[in-house]
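Student: File data-v1.txt follows (compact mmCIF, C-alpha atoms (C1' of nucleotides)):
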```
# COMPACT_ATOMS: atom_id res chain seq x y z
CA MET I 1 -52.65 -156.29 -71.73
CA ALA I 2 -52.00 -159.25 -73.90
CA THR I 3 -52.57 -157.46 -77.21
CA THR I 4 -48.82 -157.53 -77.86
CA MET I 5 -46.70 -160.12 -76.22
CA GLY I 6 -43.18 -159.24 -75.16
CA ARG I 7 -40.32 -160.53 -77.20
CA ARG I 8 -39.78 -163.25 -74.64
CA GLU I 9 -43.22 -164.76 -74.90
CA ARG I 10 -43.15 -164.37 -78.66
CA LYS I 11 -39.96 -166.37 -78.93
CA LYS I 12 -41.32 -169.00 -76.62
CA ALA I 13 -44.40 -169.37 -78.76
CA GLN I 14 -42.22 -169.56 -81.87
CA THR I 15 -40.17 -172.37 -80.40
CA ARG I 16 -43.28 -174.24 -79.38
CA GLN I 17 -44.69 -173.82 -82.84
CA ALA I 18 -41.46 -174.98 -84.46
CA LEU I 19 -41.57 -178.12 -82.33
CA SER I 20 -45.18 -178.75 -83.22
CA ASP I 21 -44.55 -178.25 -86.92
CA ALA I 22 -41.46 -180.44 -86.92
CA ALA I 23 -43.23 -183.20 -85.03
CA LEU I 24 -46.28 -183.16 -87.29
CA ARG I 25 -44.19 -183.22 -90.44
CA LEU I 26 -41.95 -186.04 -89.26
CA PHE I 27 -44.82 -188.09 -87.84
CA SER I 28 -46.72 -187.77 -91.09
CA GLU I 29 -43.70 -188.86 -93.07
CA HIS I 30 -42.30 -191.71 -90.99
CA GLY I 31 -45.07 -192.60 -88.58
CA TYR I 32 -45.19 -191.83 -84.88
CA ASP I 33 -42.94 -194.72 -83.87
CA GLY I 34 -40.55 -194.02 -86.71
CA VAL I 35 -39.47 -190.71 -85.26
CA THR I 36 -37.39 -190.03 -82.16
CA VAL I 37 -37.66 -186.97 -79.98
CA ALA I 38 -34.01 -186.32 -80.80
CA GLN I 39 -34.91 -186.02 -84.49
CA ILE I 40 -37.74 -183.65 -83.70
CA ALA I 41 -35.53 -181.49 -81.51
CA GLU I 42 -32.92 -181.46 -84.26
CA GLU I 43 -35.48 -180.48 -86.87
CA ALA I 44 -36.77 -177.68 -84.68
CA ASP I 45 -33.19 -176.69 -83.86
CA VAL I 46 -33.47 -176.92 -80.08
CA SER I 47 -31.96 -179.21 -77.50
CA ILE I 48 -33.80 -182.25 -76.18
CA ALA I 49 -34.01 -180.64 -72.76
CA THR I 50 -35.73 -177.64 -74.29
CA LEU I 51 -38.17 -179.87 -76.08
CA PHE I 52 -39.29 -181.43 -72.82
CA ALA I 53 -39.42 -178.04 -71.16
CA HIS I 54 -42.08 -177.08 -73.71
CA VAL I 55 -43.93 -180.37 -73.63
CA PRO I 56 -43.93 -181.76 -70.11
CA ASP I 57 -46.53 -184.38 -71.01
CA GLY I 58 -44.14 -186.10 -73.39
CA LYS I 59 -43.74 -186.98 -77.02
CA GLU I 60 -47.45 -187.45 -77.74
CA ALA I 61 -48.28 -183.92 -76.60
CA LEU I 62 -46.03 -182.34 -79.22
CA ILE I 63 -48.75 -181.92 -81.83
CA PHE I 64 -51.51 -180.85 -79.43
CA ASP I 65 -52.28 -177.65 -77.61
CA ASP I 66 -53.19 -177.78 -73.94
CA GLY I 67 -56.91 -178.23 -74.51
CA ALA I 68 -57.87 -174.99 -72.79
CA GLU I 69 -59.79 -173.85 -75.86
CA ARG I 70 -61.98 -176.92 -75.96
CA ARG I 71 -62.87 -176.40 -72.33
CA VAL I 72 -64.02 -172.89 -73.13
CA TRP I 73 -66.25 -173.95 -76.05
CA LEU I 74 -67.80 -176.73 -74.07
CA VAL I 75 -68.65 -174.66 -71.05
CA ALA I 76 -69.84 -171.78 -73.24
CA ALA I 77 -71.98 -174.12 -75.34
CA VAL I 78 -73.76 -175.30 -72.22
CA ARG I 79 -74.02 -171.96 -70.45
CA ASP I 80 -74.95 -169.75 -73.42
CA ARG I 81 -77.28 -172.11 -75.26
CA PRO I 82 -80.47 -170.64 -76.74
CA ALA I 83 -83.60 -170.67 -74.63
CA GLY I 84 -85.48 -173.94 -74.63
CA GLN I 85 -82.50 -175.97 -75.81
CA SER I 86 -81.48 -178.88 -73.63
CA VAL I 87 -77.94 -179.27 -72.37
CA LEU I 88 -77.38 -182.35 -74.49
CA GLU I 89 -78.67 -180.67 -77.61
CA ALA I 90 -76.23 -177.85 -77.03
CA LEU I 91 -73.34 -180.26 -76.62
CA ARG I 92 -74.40 -182.24 -79.65
CA ARG I 93 -74.33 -179.17 -81.84
CA CYS I 94 -71.11 -177.95 -80.32
CA MET I 95 -69.32 -181.20 -81.05
CA ALA I 96 -70.72 -181.65 -84.53
CA GLY I 97 -68.41 -179.00 -85.91
CA ARG I 98 -65.29 -180.05 -84.04
CA GLY I 99 -62.97 -182.98 -83.60
CA PRO I 100 -63.35 -185.78 -86.10
CA PHE I 101 -66.94 -184.89 -86.94
CA THR I 102 -66.71 -182.43 -89.75
CA ASP I 103 -65.48 -183.14 -93.23
CA ASP I 104 -64.83 -179.66 -94.55
CA LEU I 105 -61.42 -178.99 -93.12
CA PRO I 106 -58.27 -177.56 -94.60
CA PRO I 107 -56.28 -180.52 -95.90
CA GLY I 108 -53.61 -179.86 -93.30
CA LEU I 109 -55.93 -180.41 -90.38
CA ARG I 110 -57.51 -183.34 -92.17
CA SER I 111 -54.28 -185.27 -92.45
CA LYS I 112 -53.43 -184.38 -88.89
CA ARG I 113 -56.73 -185.81 -87.76
CA ASP I 114 -56.08 -188.99 -89.73
CA LEU I 115 -52.67 -189.29 -88.14
CA ILE I 116 -54.17 -189.02 -84.67
CA VAL I 117 -56.97 -191.46 -85.35
CA GLY I 118 -54.56 -193.94 -86.87
CA THR I 119 -51.99 -193.82 -84.06
CA PRO I 120 -53.02 -195.46 -80.77
CA ALA I 121 -50.67 -193.39 -78.63
CA LEU I 122 -52.01 -190.16 -80.11
CA ARG I 123 -55.64 -191.30 -79.88
CA GLU I 124 -55.13 -192.05 -76.23
CA TYR I 125 -53.57 -188.70 -75.51
CA SER I 126 -56.32 -186.94 -77.40
CA ARG I 127 -58.84 -188.70 -75.18
CA LYS I 128 -56.92 -187.54 -72.12
CA LEU I 129 -57.20 -183.97 -73.31
CA TRP I 130 -60.96 -184.28 -73.71
CA ILE I 131 -61.35 -185.90 -70.31
CA ALA I 132 -59.29 -183.15 -68.71
CA SER I 133 -62.36 -180.97 -69.22
CA GLU I 134 -64.60 -183.31 -67.29
CA GLY I 135 -64.59 -181.23 -64.14
CA ALA I 136 -65.36 -177.97 -65.92
CA LEU I 137 -68.09 -179.53 -68.01
CA ALA I 138 -69.61 -181.19 -64.97
CA GLU I 139 -69.75 -177.84 -63.21
CA ALA I 140 -71.46 -176.24 -66.17
CA ILE I 141 -74.00 -179.04 -66.44
CA ALA I 142 -74.66 -178.94 -62.72
CA ALA I 143 -75.21 -175.20 -62.79
CA GLU I 144 -77.71 -175.49 -65.66
CA SER I 145 -79.67 -178.38 -64.22
CA GLY I 146 -79.81 -177.35 -60.60
CA ARG I 147 -77.80 -180.30 -59.36
CA ASP I 148 -74.66 -180.61 -57.32
CA PRO I 149 -71.37 -180.60 -59.27
CA SER I 150 -70.25 -183.62 -57.26
CA ASP I 151 -73.38 -185.56 -58.24
CA MET I 152 -72.15 -188.80 -59.74
CA THR I 153 -74.78 -188.63 -62.45
CA VAL I 154 -73.47 -185.27 -63.59
CA ARG I 155 -69.88 -186.43 -63.64
CA ALA I 156 -70.84 -189.56 -65.53
CA LEU I 157 -72.73 -187.60 -68.16
CA ALA I 158 -69.80 -185.25 -68.63
CA ARG I 159 -67.42 -188.19 -68.97
CA TYR I 160 -69.67 -190.00 -71.40
CA VAL I 161 -70.02 -186.97 -73.62
CA LEU I 162 -66.27 -186.41 -73.64
CA GLU I 163 -65.69 -190.04 -74.59
CA ILE I 164 -67.71 -189.62 -77.75
CA PRO I 165 -64.87 -188.43 -79.97
CA GLU I 166 -62.82 -191.53 -79.29
CA LEU I 167 -65.83 -193.82 -79.52
CA ALA I 168 -67.21 -192.46 -82.75
CA GLY I 169 -64.00 -191.26 -84.31
CA THR I 170 -63.16 -194.54 -85.99
CA GLU I 171 -66.59 -195.25 -87.43
CA PRO I 172 -67.16 -194.98 -91.16
CA ASP I 173 -69.66 -192.17 -90.57
CA PRO I 174 -68.48 -190.40 -87.41
CA LEU I 175 -71.25 -187.81 -87.44
CA ALA I 176 -74.02 -190.40 -87.59
CA ALA I 177 -72.28 -192.38 -84.88
CA MET I 178 -72.07 -189.31 -82.69
CA ASN I 179 -75.77 -188.63 -83.13
CA ALA I 180 -76.63 -192.21 -82.23
CA ILE I 181 -74.67 -191.92 -79.00
CA PHE I 182 -76.32 -188.63 -78.05
CA ASP I 183 -79.67 -190.26 -78.67
CA LEU I 184 -78.67 -193.02 -76.29
CA LEU I 185 -77.66 -190.53 -73.62
CA GLU I 186 -80.91 -188.63 -74.01
CA SER I 187 -83.29 -191.57 -73.96
CA GLY I 188 -81.43 -194.35 -72.18
CA TRP I 189 -81.18 -197.96 -73.21
CA PRO I 190 -84.65 -199.40 -73.91
CA ARG I 191 -85.18 -202.31 -71.51
CA SER I 192 -85.42 -205.06 -74.05
CA PRO I 193 -88.43 -207.38 -74.16
CA GLY I 194 -86.93 -209.71 -71.50
CA LYS I 195 -85.33 -213.03 -72.35
CA PRO I 196 -87.07 -216.46 -72.59
CA MET N 197 -56.50 -232.85 -70.80
CA ALA N 198 -55.76 -229.89 -68.60
CA THR N 199 -56.51 -231.64 -65.31
CA THR N 200 -52.79 -231.82 -64.60
CA MET N 201 -50.43 -229.45 -66.31
CA GLY N 202 -47.06 -230.70 -67.36
CA ARG N 203 -44.03 -229.68 -65.36
CA ARG N 204 -43.24 -227.05 -67.96
CA GLU N 205 -46.51 -225.15 -67.70
CA ARG N 206 -46.44 -225.53 -63.95
CA LYS N 207 -43.06 -223.87 -63.73
CA LYS N 208 -44.18 -221.14 -66.05
CA ALA N 209 -47.19 -220.43 -63.87
CA GLN N 210 -44.95 -220.46 -60.79
CA THR N 211 -42.64 -217.89 -62.30
CA ARG N 212 -45.55 -215.68 -63.27
CA GLN N 213 -46.95 -215.94 -59.78
CA ALA N 214 -43.60 -215.14 -58.21
CA LEU N 215 -43.39 -212.02 -60.36
CA SER N 216 -46.90 -210.97 -59.44
CA ASP N 217 -46.27 -211.52 -55.73
CA ALA N 218 -42.95 -209.71 -55.77
CA ALA N 219 -44.44 -206.76 -57.65
CA LEU N 220 -47.44 -206.45 -55.36
CA ARG N 221 -45.31 -206.62 -52.25
CA LEU N 222 -42.79 -204.07 -53.46
CA PHE N 223 -45.43 -201.71 -54.86
CA SER N 224 -47.31 -201.80 -51.57
CA GLU N 225 -44.16 -201.06 -49.64
CA HIS N 226 -42.46 -198.39 -51.75
CA GLY N 227 -45.15 -197.20 -54.13
CA TYR N 228 -45.41 -197.96 -57.83
CA ASP N 229 -42.87 -195.36 -58.88
CA GLY N 230 -40.52 -196.29 -56.08
CA VAL N 231 -39.85 -199.73 -57.53
CA THR N 232 -37.90 -200.63 -60.66
CA VAL N 233 -38.55 -203.67 -62.79
CA ALA N 234 -34.99 -204.71 -62.01
CA GLN N 235 -35.85 -204.92 -58.32
CA ILE N 236 -38.95 -206.94 -59.07
CA ALA N 237 -37.03 -209.34 -61.26
CA GLU N 238 -34.39 -209.65 -58.56
CA GLU N 239 -37.01 -210.31 -55.88
CA ALA N 240 -38.64 -212.97 -58.04
CA ASP N 241 -35.21 -214.37 -58.91
CA VAL N 242 -35.52 -214.13 -62.68
CA SER N 243 -33.79 -212.01 -65.29
CA ILE N 244 -35.29 -208.81 -66.63
CA ALA N 245 -35.70 -210.40 -70.04
CA THR N 246 -37.72 -213.20 -68.46
CA LEU N 247 -39.89 -210.69 -66.64
CA PHE N 248 -40.86 -209.04 -69.89
CA ALA N 249 -41.40 -212.40 -71.54
CA HIS N 250 -44.11 -213.04 -68.97
CA VAL N 251 -45.60 -209.56 -69.03
CA PRO N 252 -45.49 -208.18 -72.54
CA ASP N 253 -47.76 -205.27 -71.63
CA GLY N 254 -45.16 -203.83 -69.31
CA LYS N 255 -44.62 -202.99 -65.67
CA GLU N 256 -48.24 -202.11 -64.92
CA ALA N 257 -49.48 -205.51 -66.03
CA LEU N 258 -47.41 -207.33 -63.42
CA ILE N 259 -50.11 -207.43 -60.78
CA PHE N 260 -53.01 -208.17 -63.16
CA ASP N 261 -54.16 -211.27 -64.95
CA ASP N 262 -55.10 -211.06 -68.61
CA GLY N 263 -58.73 -210.17 -67.98
CA ALA N 264 -60.10 -213.27 -69.70
CA GLU N 265 -62.11 -214.18 -66.61
CA ARG N 266 -63.94 -210.87 -66.52
CA ARG N 267 -64.93 -211.29 -70.12
CA VAL N 268 -66.46 -214.65 -69.30
CA TRP N 269 -68.52 -213.31 -66.37
CA LEU N 270 -69.75 -210.36 -68.34
CA VAL N 271 -70.89 -212.34 -71.34
CA ALA N 272 -72.37 -215.04 -69.14
CA ALA N 273 -74.20 -212.48 -67.02
CA VAL N 274 -75.88 -211.08 -70.10
CA ARG N 275 -76.55 -214.38 -71.87
CA ASP N 276 -77.69 -216.44 -68.88
CA ARG N 277 -79.70 -213.84 -67.02
CA PRO N 278 -83.03 -214.92 -65.49
CA ALA N 279 -86.18 -214.53 -67.55
CA GLY N 280 -87.66 -211.05 -67.55
CA GLN N 281 -84.43 -209.38 -66.41
CA SER N 282 -83.10 -206.63 -68.60
CA VAL N 283 -79.56 -206.65 -69.93
CA LEU N 284 -78.60 -203.66 -67.81
CA GLU N 285 -80.04 -205.15 -64.66
CA ALA N 286 -77.97 -208.25 -65.25
CA LEU N 287 -74.81 -206.21 -65.73
CA ARG N 288 -75.57 -204.12 -62.69
CA ARG N 289 -75.83 -207.18 -60.50
CA CYS N 290 -72.80 -208.76 -62.06
CA MET N 291 -70.62 -205.75 -61.34
CA ALA N 292 -71.92 -205.15 -57.86
CA GLY N 293 -69.91 -208.04 -56.49
CA ARG N 294 -66.73 -207.36 -58.40
CA GLY N 295 -64.09 -204.74 -58.87
CA PRO N 296 -64.11 -201.90 -56.38
CA PHE N 297 -67.77 -202.37 -55.49
CA THR N 298 -67.77 -204.85 -52.67
CA ASP N 299 -66.42 -204.26 -49.20
CA ASP N 300 -66.15 -207.79 -47.88
CA LEU N 301 -62.84 -208.85 -49.31
CA PRO N 302 -59.86 -210.62 -47.85
CA PRO N 303 -57.53 -207.89 -46.60
CA GLY N 304 -54.98 -208.87 -49.23
CA LEU N 305 -57.28 -208.06 -52.12
CA ARG N 306 -58.50 -204.96 -50.32
CA SER N 307 -55.07 -203.43 -50.10
CA LYS N 308 -54.38 -204.43 -53.68
CA ARG N 309 -57.53 -202.61 -54.78
CA ASP N 310 -56.47 -199.52 -52.82
CA LEU N 311 -53.07 -199.63 -54.46
CA ILE N 312 -54.64 -199.74 -57.90
CA VAL N 313 -57.16 -196.99 -57.21
CA GLY N 314 -54.45 -194.80 -55.73
CA THR N 315 -51.96 -195.21 -58.57
CA PRO N 316 -52.82 -193.49 -61.86
CA ALA N 317 -50.76 -195.82 -64.03
CA LEU N 318 -52.43 -198.86 -62.50
CA ARG N 319 -55.91 -197.32 -62.68
CA GLU N 320 -55.37 -196.64 -66.35
CA TYR N 321 -54.22 -200.14 -67.08
CA SER N 322 -57.13 -201.57 -65.15
CA ARG N 323 -59.45 -199.55 -67.35
CA LYS N 324 -57.72 -200.91 -70.43
CA LEU N 325 -58.39 -204.43 -69.23
CA TRP N 326 -62.08 -203.68 -68.80
CA ILE N 327 -62.32 -202.04 -72.19
CA ALA N 328 -60.62 -205.00 -73.80
CA SER N 329 -63.92 -206.81 -73.25
CA GLU N 330 -65.90 -204.22 -75.16
CA GLY N 331 -66.17 -206.30 -78.30
CA ALA N 332 -67.28 -209.43 -76.52
CA LEU N 333 -69.79 -207.56 -74.40
CA ALA N 334 -71.16 -205.73 -77.41
CA GLU N 335 -71.71 -209.04 -79.17
CA ALA N 336 -73.55 -210.43 -76.18
CA ILE N 337 -75.74 -207.35 -75.88
CA ALA N 338 -76.47 -207.36 -79.59
CA ALA N 339 -77.46 -211.01 -79.51
CA GLU N 340 -79.87 -210.42 -76.63
CA SER N 341 -81.48 -207.32 -78.04
CA GLY N 342 -81.80 -208.31 -81.65
CA ARG N 343 -79.47 -205.63 -82.93
CA ASP N 344 -76.37 -205.71 -85.00
CA PRO N 345 -73.08 -206.08 -83.10
CA SER N 346 -71.64 -203.23 -85.13
CA ASP N 347 -74.50 -200.94 -84.11
CA MET N 348 -72.86 -197.88 -82.60
CA THR N 349 -75.46 -197.74 -79.87
CA VAL N 350 -74.54 -201.22 -78.77
CA ARG N 351 -70.83 -200.50 -78.76
CA ALA N 352 -71.39 -197.27 -76.86
CA LEU N 353 -73.47 -199.01 -74.22
CA ALA N 354 -70.82 -201.68 -73.76
CA ARG N 355 -68.12 -199.05 -73.46
CA TYR N 356 -70.08 -196.98 -71.00
CA VAL N 357 -70.77 -199.96 -68.79
CA LEU N 358 -67.12 -200.95 -68.80
CA GLU N 359 -66.09 -197.41 -67.86
CA ILE N 360 -68.11 -197.58 -64.68
CA PRO N 361 -65.40 -199.10 -62.50
CA GLU N 362 -63.02 -196.26 -63.21
CA LEU N 363 -65.72 -193.63 -62.95
CA ALA N 364 -67.23 -194.84 -59.69
CA GLY N 365 -64.13 -196.39 -58.18
CA THR N 366 -62.90 -193.22 -56.50
CA GLU N 367 -66.22 -192.13 -55.04
CA PRO N 368 -66.75 -192.33 -51.29
CA ASP N 369 -69.56 -194.83 -51.86
CA PRO N 370 -68.65 -196.73 -55.01
CA LEU N 371 -71.69 -198.97 -54.96
CA ALA N 372 -74.13 -196.08 -54.77
CA ALA N 373 -72.21 -194.31 -57.51
CA MET N 374 -72.40 -197.38 -59.70
CA ASN N 375 -76.14 -197.62 -59.21
CA ALA N 376 -76.58 -193.97 -60.08
CA ILE N 377 -74.72 -194.49 -63.34
CA PHE N 378 -76.75 -197.55 -64.27
CA ASP N 379 -79.89 -195.54 -63.61
CA LEU N 380 -78.61 -192.91 -66.01
CA LEU N 381 -77.93 -195.49 -68.68
CA GLU N 382 -81.38 -196.99 -68.25
CA SER N 383 -83.38 -193.79 -68.27
CA GLY N 384 -81.24 -191.28 -70.07
CA TRP N 385 -80.57 -187.70 -69.05
CA PRO N 386 -83.82 -185.86 -68.30
CA ARG N 387 -84.03 -182.89 -70.68
CA SER N 388 -83.87 -180.14 -68.11
CA PRO N 389 -86.56 -177.48 -67.95
CA GLY N 390 -84.91 -175.34 -70.63
CA LYS N 391 -82.90 -172.24 -69.84
CA PRO N 392 -84.15 -168.60 -69.45
C1' DC C 393 -29.50 -146.44 -68.26
C1' DT C 394 -28.28 -149.89 -65.35
C1' DC C 395 -28.54 -153.71 -62.88
C1' DA C 396 -30.60 -157.67 -60.52
C1' DG C 397 -33.30 -161.40 -61.24
C1' DA C 398 -36.25 -164.32 -63.83
C1' DA C 399 -36.82 -167.18 -67.68
C1' DA C 400 -35.41 -169.78 -71.60
C1' DC C 401 -31.91 -172.45 -73.42
C1' DT C 402 -27.90 -175.81 -73.60
C1' DA C 403 -24.75 -179.82 -72.94
C1' DT C 404 -23.97 -183.59 -70.29
C1' DA C 405 -24.90 -187.39 -67.69
C1' DA C 406 -27.77 -190.33 -65.80
C1' DC C 407 -32.11 -193.42 -64.97
C1' DC C 408 -35.40 -196.54 -66.35
C1' DA C 409 -38.58 -199.24 -69.21
C1' DC C 410 -38.22 -202.17 -72.76
C1' DT C 411 -36.15 -204.97 -76.80
C1' DT C 412 -32.95 -207.90 -79.16
C1' DC C 413 -30.03 -211.71 -79.62
C1' DA C 414 -27.12 -215.58 -79.24
C1' DG C 415 -26.52 -219.26 -76.44
C1' DA C 416 -27.46 -222.52 -72.44
C1' DT C 417 -30.91 -225.45 -70.12
C1' DT C 418 -35.04 -228.02 -69.63
C1' DC C 419 -38.83 -230.34 -71.02
C1' DA C 420 -42.32 -232.92 -74.27
C1' DG C 421 -43.35 -236.15 -77.49
C1' DA C 422 -42.16 -239.29 -81.22
C1' DT H 423 -33.24 -241.87 -76.99
C1' DC H 424 -33.27 -238.24 -79.76
C1' DT H 425 -35.17 -234.02 -81.75
C1' DG H 426 -37.28 -229.77 -81.47
C1' DA H 427 -39.44 -226.38 -79.00
C1' DA H 428 -40.05 -223.60 -74.94
C1' DT H 429 -37.89 -221.19 -71.18
C1' DC H 430 -34.48 -218.77 -69.26
C1' DT H 431 -30.24 -215.90 -69.16
C1' DG H 432 -26.63 -212.15 -69.64
C1' DA H 433 -25.33 -208.48 -72.16
C1' DA H 434 -25.69 -204.84 -75.07
C1' DG H 435 -28.53 -201.35 -77.02
C1' DT H 436 -32.56 -198.02 -77.96
C1' DG H 437 -35.38 -194.36 -76.71
C1' DG H 438 -38.07 -191.45 -73.63
C1' DT H 439 -37.43 -188.58 -69.72
C1' DT H 440 -35.30 -186.07 -65.90
C1' DA H 441 -31.64 -183.64 -63.13
C1' DT H 442 -27.89 -180.50 -62.88
C1' DA H 443 -25.15 -176.77 -63.50
C1' DG H 444 -24.03 -173.14 -66.22
C1' DT H 445 -24.91 -169.64 -70.20
C1' DT H 446 -27.55 -166.33 -72.67
C1' DT H 447 -31.55 -163.27 -73.20
C1' DC H 448 -35.15 -160.59 -71.83
C1' DT H 449 -37.83 -157.68 -68.28
C1' DG H 450 -38.91 -154.40 -64.82
C1' DA H 451 -37.51 -151.55 -61.04
C1' DG H 452 -34.66 -148.02 -59.42
```
Written as structure tokens, how would this file's structure read?

Tutor:
Amino acid sequence: MATTMGRRERKKAQTRQALSDAALRLFSEHGYDGVTVAQIAEEADVSIATLFAHVPDGKEALIFDDGAERRVWLVAAVRDRPAGQSVLEALRRCMAGRGPFTDDLPPGLRSKRDLIVGTPALREYSRKLWIASEGALAEAIAAESGRDPSDMTVRALARYVLEIPELAGTEPDPLAAMNAIFDLLESGWPRSPGKP
Amino acid sequence: MATTMGRRERKKAQTRQALSDAALRLFSEHGYDGVTVAQIAEEADVSIATLFAHVPDGKEALIFDDGAERRVWLVAAVRDRPAGQSVLEALRRCMAGRGPFTDDLPPGLRSKRDLIVGTPALREYSRKLWIASEGALAEAIAAESGRDPSDMTVRALARYVLEIPELAGTEPDPLAAMNAIFDLLESGWPRSPGKP
DNA sequence: CTCAGAAACTATAACCACTTCAGATTCAGA
DNA sequence: TCTGAATCTGAAGTGGTTATAGTTTCTGAG
């Protein structure tokens, strides 16, 4: 069972957490580029080698988890949606409460979100994490719509949905922007009245 | 006039070309990760500092141009499309002949394309180049459809179109994949028959 | 309880992409 | 012809990242 982790795993998690905390604090104070991994390792009281053992994806990954949670929500949102609700509606609602789209957050998470949005390297890595769920989301969508998981249309839809956080995250009203994009995905682009 | 460049600009262009050629040759032979920038500089007979003076975006940019051409096609394709043709039709046709979507290429360009598609770092940079045209494309689309260039729907459409090369580039039949995605963007995702 | 092995950690050294800088060379235009 | 700007260069340095070899700490089986 995983109810109680062994001392080993507990210590590992502690170290990871210490790294994450140190990185977030230092980034917030001096900016992402103003902090070296050596400083972070020092602050967390581990060696540089240990730092990279915990974060194989590099400096940017320090303040993120591995994205496994998101994958679970997304797939669950699609699979367990209420009867009569479309896949896109389910995803729209699922996303509305997460990522950059909600305003009632503990001030800690809020400033973290601002840091990510304001730092290109972190924004890019955040996008990578979302996109890492593309395969899983595509499978869920395919299962619910009776299509093949390798169908390009399914993959494209999954990708486009997962791009929304980065696309809408910088807008003045992220939630409204997100809704506009979902509307586009649901209805398509109206073929304009043809030029001259 | 720019009919004849001065000796200075000519030499600059020569150096840039030498770097590009050297990089492409070495990448093709030893793989992207199997080549150091020092080797490329050596092969092109310039110093490392000079290499980076020509390619401020880094190693990956060596085999690419700055993407200004693409931007011109894209905007022109939207602005100068024949009467009665929708914006998306114009973009679909424009892309069909470019990027990874055509099979009749000189073998040099073909192998270059394969190198890019098969190398994550190069794929990613190629995507960045496409996305760099998002603003320009959004403006063109906005102008043709009577919307505001800051309209999120417009920006999202531009982004989604520019993502197509990376999305469809790895498919067995890239052209068919591209068409499927354009169909999705034109018609939207059919709200499936509702779950249980 | 013990012991073998796995896992986490460490210091050190190295590699590589990339930047900086001061100085030499080459070119453009007045 | 002369001045200033652009290009190039070597060298030194920064910072992220990995490899190695060895130490400590936990775990599970006997």

Student: Could you tell me which residues of chain I sit within 9 Å of chain H when counting only C-alpha atoms (C1' of nucleotides), and give me the result as a list in words?

Tutor: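 Interface list for chain I against chain H: Gly6, Arg7, Arg8, Thr36, Val37, Ala49, Phe52, Gly58 and Lys59 of chain I.
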
Student: Write to file, as a PDB file, keeping the file's coordinate frame, the residues of the selection just made, with C-alpha atoms.

Tutor:
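That gives us selection-v3.pdb:
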```
ATOM      1  CA  GLY I   6     -43.180-159.240 -75.160  1.00  0.00           C
ATOM      2  CA  ARG I   7     -40.320-160.530 -77.200  1.00  0.00           C
ATOM      3  CA  ARG I   8     -39.780-163.250 -74.640  1.00  0.00           C
ATOM      4  CA  THR I  36     -37.390-190.030 -82.160  1.00  0.00           C
ATOM      5  CA  VAL I  37     -37.660-186.970 -79.980  1.00  0.00           C
ATOM      6  CA  ALA I  49     -34.010-180.640 -72.760  1.00  0.00           C
ATOM      7  CA  PHE I  52     -39.290-181.430 -72.820  1.00  0.00           C
ATOM      8  CA  GLY I  58     -44.140-186.100 -73.390  1.00  0.00           C
ATOM      9  CA  LYS I  59     -43.740-186.980 -77.020  1.00  0.00           C
TER      10      LYS I  59
END
```

Student: Mind pulling up the distance from CA of Ile141 in chain I to CA of Ala176 in chain I?

Tutor: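 These atoms are spaced 24.0 Å apart.
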
Student: Report, in Å to a single decimal, how far apart CA of Ala214 in chain N and CA of Leu305 in chain N are.

Tutor: 16.6 Å

Student: For the atom pair CA of Leu318 in chain N and CA of Ile236 in chain N, what is the interatomic distance in Å to one decimal place?

Tutor: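 Going from CA of Leu318 in chain N over to CA of Ile236 in chain N covers 16.1 Å.
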
Student: Could the residues of chain N that have an atom at most 10 Å from chain I be listed as a tab-separated table, each with its closest atom pair and the distance in Å to one decimal, counting all atoms listed in the file and ordered by chain and ascending residue number?

Tutor:
```
residue	atom	partner	partner_atom	distance
N:Val274	CA	I:Lys195	CA	9.9
N:Arg275	CA	I:Lys195	CA	8.9
N:Asp276	CA	I:Lys195	CA	9.1
N:Arg277	CA	I:Lys195	CA	7.8
N:Pro278	CA	I:Lys195	CA	7.5
N:Ala279	CA	I:Lys195	CA	5.1
N:Gly280	CA	I:Gly194	CA	4.2
N:Gln281	CA	I:Gly194	CA	5.7
N:Ser282	CA	I:Arg191	CA	5.6
N:Val283	CA	I:Arg191	CA	7.3
N:Leu284	CA	I:Arg191	CA	7.7
N:Glu285	CA	I:Arg191	CA	9.0
N:Glu340	CA	I:Lys195	CA	7.4
N:Ser341	CA	I:Ser192	CA	6.0
N:Gly342	CA	I:Ser192	CA	9.0
N:Ser346	CA	I:Glu171	CA	9.7
N:Asp347	CA	I:Ala177	CA	8.9
N:Met348	CA	I:Ala177	CA	6.0
N:Thr349	CA	I:Ile181	CA	5.9
N:Val350	CA	I:Trp189	CA	9.3
N:Arg351	CA	I:Leu167	CA	8.4
N:Ala352	CA	I:Ile181	CA	6.6
N:Leu353	CA	I:Trp189	CA	7.8
N:Arg355	CA	I:Leu167	CA	8.3
N:Tyr356	CA	I:Tyr160	CA	7.0
N:Glu359	CA	I:Tyr160	CA	9.0
N:Ile360	CA	I:Ala156	CA	8.5
N:Leu363	CA	I:Ala156	CA	7.0
N:Ala364	CA	I:Met152	CA	7.8
N:Glu367	CA	I:Met152	CA	8.3
N:Pro370	CA	I:Met152	CA	9.9
N:Ala372	CA	I:Met152	CA	9.0
N:Ala373	CA	I:Met152	CA	5.9
N:Met374	CA	I:Met152	CA	8.6
N:Asn375	CA	I:Thr153	CA	9.7
N:Ala376	CA	I:Thr153	CA	6.1
N:Ile377	CA	I:Thr153	CA	5.9
N:Phe378	CA	I:Thr153	CA	9.3
N:Asp379	CA	I:Thr153	CA	8.7
N:Leu380	CA	I:Thr153	CA	6.8
N:Leu381	CA	I:Gly188	CA	5.1
N:Glu382	CA	I:Gly188	CA	4.7
N:Ser383	CA	I:Gly188	CA	4.4
N:Gly384	CA	I:Gly188	CA	3.7
N:Trp385	CA	I:Glu186	CA	5.1
N:Pro386	CA	I:Glu186	CA	7.0
N:Arg387	CA	I:Ser86	CA	5.6
N:Ser388	CA	I:Ser145	CA	6.0
N:Pro389	CA	I:Gly84	CA	7.6
N:Gly390	CA	I:Gly84	CA	4.3
N:Lys391	CA	I:Ala83	CA	5.1
N:Pro392	CA	I:Ala83	CA	5.6
```
